[in-house]
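These notes are about the structure you will find just below.
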Amino acid sequence: MADSLRADVVIVGAGSAGCVLAARLSEDPARSVVLLESGPVPRDAGAFAPGVLDAGTVRGSVPGQAINWTIPGRIGPSRDYTTVRGRMLGGSSSINGGYFIRPRLADFADWAAVGGPEWSYERALPRMVALEHDLDYPASAIHGDHGPILVSRGGSDEPTAVILAAAAEASGYPQEPDKNDQGAPGYGPVPTNTAGGVRQNAGLAYVLPVMSRPNLTVLGDRTVSRVLLRGGRAIGVEYRTGSELHLAFADLVVLSAGAIGSAQLLIASGIGPEGELRRLGVPVAVPAPGVGASFSDHPQLTVEWWPRPPIPSSESSWLAGALHTEEIEVLASAKSMTQLTGQGSGGPLPLLVSVMTPRPTGRLRLRSADPATPPLLDYGYLDSAKARRELRDALRLVLELLETPNWRAARDPDDHPRPAGRDDAGLDAWIAEHLGTAMHTTGTVPLGPDGPVDSSGRVLGVDGLIVADAAILPTGPRRGPALAAVLIGETISDAIRRRA
Ligand SMILES: Cc1cc2nc3c(=O)[nH]c(=O)nc-3n(C[C@H](O)[C@H](O)[C@H](O)COP(=O)(O)OP(=O)(O)OC[C@H]3O[C@@H](n4cnc5c(N)ncnc54)[C@H](O)[C@@H]3O)c2cc1C
């Protein structure tokens with residue numbers, strides 16, 4: 001065993017939520033904070049891996065890179081799918097699409113019903129105002145102008161955005177100029193955590209500006225393997241760097257390893273469903289049947305279309321507007337998939353179509369107690385007739401948009417968007433073959449009165465152990481969860497500081 005660390009708080013995972021916790025908890029110079037991250041931790045903006053800060057692409061999302069976790073999943077009965085999560089300072093906010101949008105009023109109502117007033121819209125709104133610096137709207141009760149995360153809504157002039165707006169209008173959908181203002185869902189520009197073509201990941205926004213605080217230690221290449229428990233309390237974590245094993249001791253351990261990593265670490269530490277712990281040969285510390293038992297995500301289809309003449313792609317943004325209904329999201333991309341992933345130029349332009357209603361149909365199981373072995377994710381997306389119908393509705397909506405006069409005029413005459421037919425059986429077959437996921441996993445360790453965690457993220461049955469990341473949402477948000485993850489970081493930091 002090599003050397004050990006000691007701090008008041010150890011945070012595991014420098015992702016969207018973990019970076020917020022590290023910055024907020026170290027504001028008190030009397031509190032020592034250690035942040036352990038499995039991936040690389042650049043010490044300044046120039047040291048991020050090439051492309052990470054480029055808001056015009058999502059190169060970090062290509063599976064199999066050192067800066068991501070690559071995880072096998074099962075989308076439907078006969079469809080395997082590989083997902084990724086970020087693995088570096090900023091976590092998934094360093095590799096994601098950069099669309100940064102507030103949850104809906106109905107989400108806050110659902111969360112407050114289970115987690116109490118701290119999760120209500122009324123309490124969340126001032127935090128959402130404080131975390132942003134909105135470059136498009138002046139400071140108000142709705143928008144902030146001095147928070148760490150720069151928010152902008154570029155892309156409205158993109159030819160693709162203009163086509164989407166015209167098609168949506170022709171189809172009778174309302175305009176939604178500010179998707180962070182809780183208006184009726186419709187079409188409009190997408191709020192992003194990008195500015196001047198730079199993806200403002202949580203590390204860049206929250207941690208780099210405070211990296212020099214003497215009471216904050218941020219360490220990369222530290223993969224935590226389990227929480228150390230003694231007499232019903234967490235006393236620290238065990239972690240690896242290379243082949244060396246180390247210990248970090250703390251009064252408070254905060255797991256911010258993400259919806260997948262935090263559930264994985266709890267189970268590896270003996271906090272999980274008893275049957276699963278026995279199967280893995282992990283001694284049961286605290287039976288917690290809710291860990292990994294269900295999770296939410298957004299099923300996603302990619303429908304591509306060929307423009308004619310080819311549309312020049314913007315250098316700074318790929319998001320060219322979005323259409324929302326109560327259930328469905330259509331994100332228009334100004335760039336082809338090959339451009340987005342940095343693998344080439346040209347090609348058809350994707351429309352990303354997702355069903356956004358909450359669906360806790362996923363299940364996470366471990367294949368091994370070793371955190372280096374990815375867990376198995378079963379999304380259960382096609383398990384009910386209702387879910388299959390919602391996906392058909394989403395697909396029909398986007399196929400109808402492509403048939404509006406503006407879009408027909410913009411499409412290559414030889415372009416025949418797939419699937420060709422519109423009957424249920426034909427759509428079901430196409431969906432079963434092409435369905436993917438938005439990678440919006442939440443709720444693997446949901447908060448609630450019966451646990452596994454309470455409304456402040458405290459693991460029931462263990463003192464000194466908190467989960468603070470997208471894992472704790474009791475139901476999936478009706479929009480992307482990136483902003484919700486930052487909000488969770490702010491909310492749980494406040495709860496910890498109130499108790500200190
Ligand atoms: C490719 C992709 C695109 C996405 N696009 C969008 C989008 O455009 N808009 C949107 O709203 N949402 C998007 N999301 C989802 C959103 O980014 C995430 O929900 C959010 O960032 C999750 O934040 P988190 O703090 O829960 O976890 P993460 O940000 O994933 O952070 C977890 C951190 O913990 C670290 N970690 C994990 N295990 C360990 C361990 N054992 N030891 C040490 N460190 C560990 C990880 O390396 C990571 O840095 C996307 C996600 C992905 C993967």
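Chain lettering (A, B, ...) mirrors the order of the structure tokens, residue numbering begins at 1 for each chain separately, and ligand numbering begins at 1 in order of display.
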Which residues are near ligand 1 in this structure, taking near to mean any atom at most 7 Å from a ligand atom and counting only C-alpha atoms and all ligand atoms? Format them as a VMD selection string. chain A and resid 12 to 18 36 to 39 61 84 to 93 95 to 101 222 to 225 256 to 259 261 to 262 265 371 438 to 442 469 to 471 479 to 483 485 to 486
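Using only C-alpha atoms, the contacts of Pro29 of chain A at a cut-off of 12 Å, with sequence neighbours closer than 3 positions omitted, comprise A:Asp8, A:Ala23, A:Arg24, A:Leu25, A:Ser26, A:Ser32, A:Val33, A:Val210, A:Ser212, A:Arg213, A:Pro214, A:Asn215, A:Leu216.
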Given the choices A:Arg308, A:Arg6, A:His324, A:Arg31, which gets closest to Gln175 of chain A if the distance is worked out from only C-alpha atoms? A:His324
Using only C-alpha atoms, the best pick from A:Glu274, A:Glu176, A:Asp370, A:Asp157 as closest to Thr325 of chain A would be A:Glu176
Segment 244-398 of chain A: which residues are strand (DSSP E or B) by DSSP, as a PyMOL selection string? chain A and resi 244-255+271-272+286-287+295-296+299-305+307+319-324+328-333+349-355+362-365+376-378
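Considering the residues A:Pro375, A:Gly46, A:Gly380, A:Pro449 and counting only C-alpha atoms, Pro72 of chain A has its shortest atom-to-atom contact with A:Pro375.
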Can you write out as JSON lines which residues of segment 117-166 of chain A fall within 8 Å of segment 399-409 of chain A, alongside each residue's closest atom pair and its distance in Å to one decimal, counting only C-alpha atoms and ordering rows by chain and ascending residue number?
{"residue": "A:Ile163", "atom": "CA", "partner": "A:Trp407", "partner_atom": "CA", "distance": 6.2}
{"residue": "A:Leu164", "atom": "CA", "partner": "A:Trp407", "partner_atom": "CA", "distance": 7.7}
{"residue": "A:Ala166", "atom": "CA", "partner": "A:Asn406", "partner_atom": "CA", "distance": 6.6}
Write out as an mmCIF file with N, CA and C atoms, in the first residue's frame which residues come within 8 Å of Ala168 of chain A when counting only C-alpha atoms, dropping same-chain ones fewer than 5 positions away.
data_model
loop_
_atom_site.group_PDB
_atom_site.id
_atom_site.type_symbol
_atom_site.label_atom_id
_atom_site.label_comp_id
_atom_site.auth_asym_id
_atom_site.auth_seq_id
_atom_site.Cartn_x
_atom_site.Cartn_y
_atom_site.Cartn_z
ATOM 1 N N TYR A 173 -46.497 24.456 -35.149
ATOM 2 C CA TYR A 173 -45.880 24.510 -33.812
ATOM 3 C C TYR A 173 -45.568 25.962 -33.462
ATOM 4 N N PRO A 174 -45.668 26.307 -32.140
ATOM 5 C CA PRO A 174 -45.368 27.691 -31.749
ATOM 6 C C PRO A 174 -43.867 27.945 -31.669
ATOM 7 N N TYR A 187 -40.535 25.628 -31.280
ATOM 8 C CA TYR A 187 -39.239 25.628 -31.958
ATOM 9 C C TYR A 187 -38.471 26.906 -31.626
ATOM 10 N N LEU A 323 -36.910 21.604 -31.946
ATOM 11 C CA LEU A 323 -38.363 21.636 -31.785
ATOM 12 C C LEU A 323 -38.722 20.716 -30.621
ATOM 13 N N LEU A 401 -42.041 16.620 -40.898
ATOM 14 C CA LEU A 401 -41.300 17.885 -41.063
ATOM 15 C C LEU A 401 -40.509 17.867 -42.364
#
Long-range neighbours of Ser316 of chain A as a VMD selection string, 12 Å cut-off, only C-alpha atoms, 5 positions minimum in chain: chain A and resid 53 to 58 98 152 to 155 158 192 194 to 199 334 to 335 340
Dump of C-alpha atoms for the selected residues, as a PDB file, in the first residue's frame:
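Okay, this is what ended up in out.pdb:
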ATOM      1  CA  LEU A  53     -13.108  22.545 -25.967  1.00  0.00           C
ATOM      2  CA  ASP A  54     -14.343  22.697 -29.579  1.00  0.00           C
ATOM      3  CA  ALA A  55     -18.097  23.273 -29.323  1.00  0.00           C
ATOM      4  CA  GLY A  56     -18.461  22.607 -33.046  1.00  0.00           C
ATOM      5  CA  THR A  57     -17.744  18.885 -32.704  1.00  0.00           C
ATOM      6  CA  VAL A  58     -18.318  16.033 -30.249  1.00  0.00           C
ATOM      7  CA  GLY A  98     -23.137  21.248 -25.148  1.00  0.00           C
ATOM      8  CA  SER A 152     -25.504  31.290 -25.410  1.00  0.00           C
ATOM      9  CA  ARG A 153     -28.040  30.364 -28.083  1.00  0.00           C
ATOM     10  CA  GLY A 154     -26.128  30.563 -31.322  1.00  0.00           C
ATOM     11  CA  GLY A 155     -27.073  28.904 -34.550  1.00  0.00           C
ATOM     12  CA  GLU A 158     -27.729  28.540 -39.680  1.00  0.00           C
ATOM     13  CA  THR A 192     -25.773  25.915 -24.858  1.00  0.00           C
ATOM     14  CA  THR A 194     -20.712  27.377 -25.178  1.00  0.00           C
ATOM     15  CA  ALA A 195     -19.311  30.799 -25.958  1.00  0.00           C
ATOM     16  CA  GLY A 196     -17.263  31.806 -28.984  1.00  0.00           C
ATOM     17  CA  GLY A 197     -17.041  28.191 -30.108  1.00  0.00           C
ATOM     18  CA  VAL A 198     -15.639  27.011 -26.739  1.00  0.00           C
ATOM     19  CA  ARG A 199     -17.424  24.260 -24.803  1.00  0.00           C
ATOM     20  CA  ALA A 334     -25.696  21.909 -38.876  1.00  0.00           C
ATOM     21  CA  LYS A 335     -23.003  19.278 -39.373  1.00  0.00           C
ATOM     22  CA  LEU A 340     -19.351  16.015 -35.642  1.00  0.00           C
TER      23      LEU A 340
END
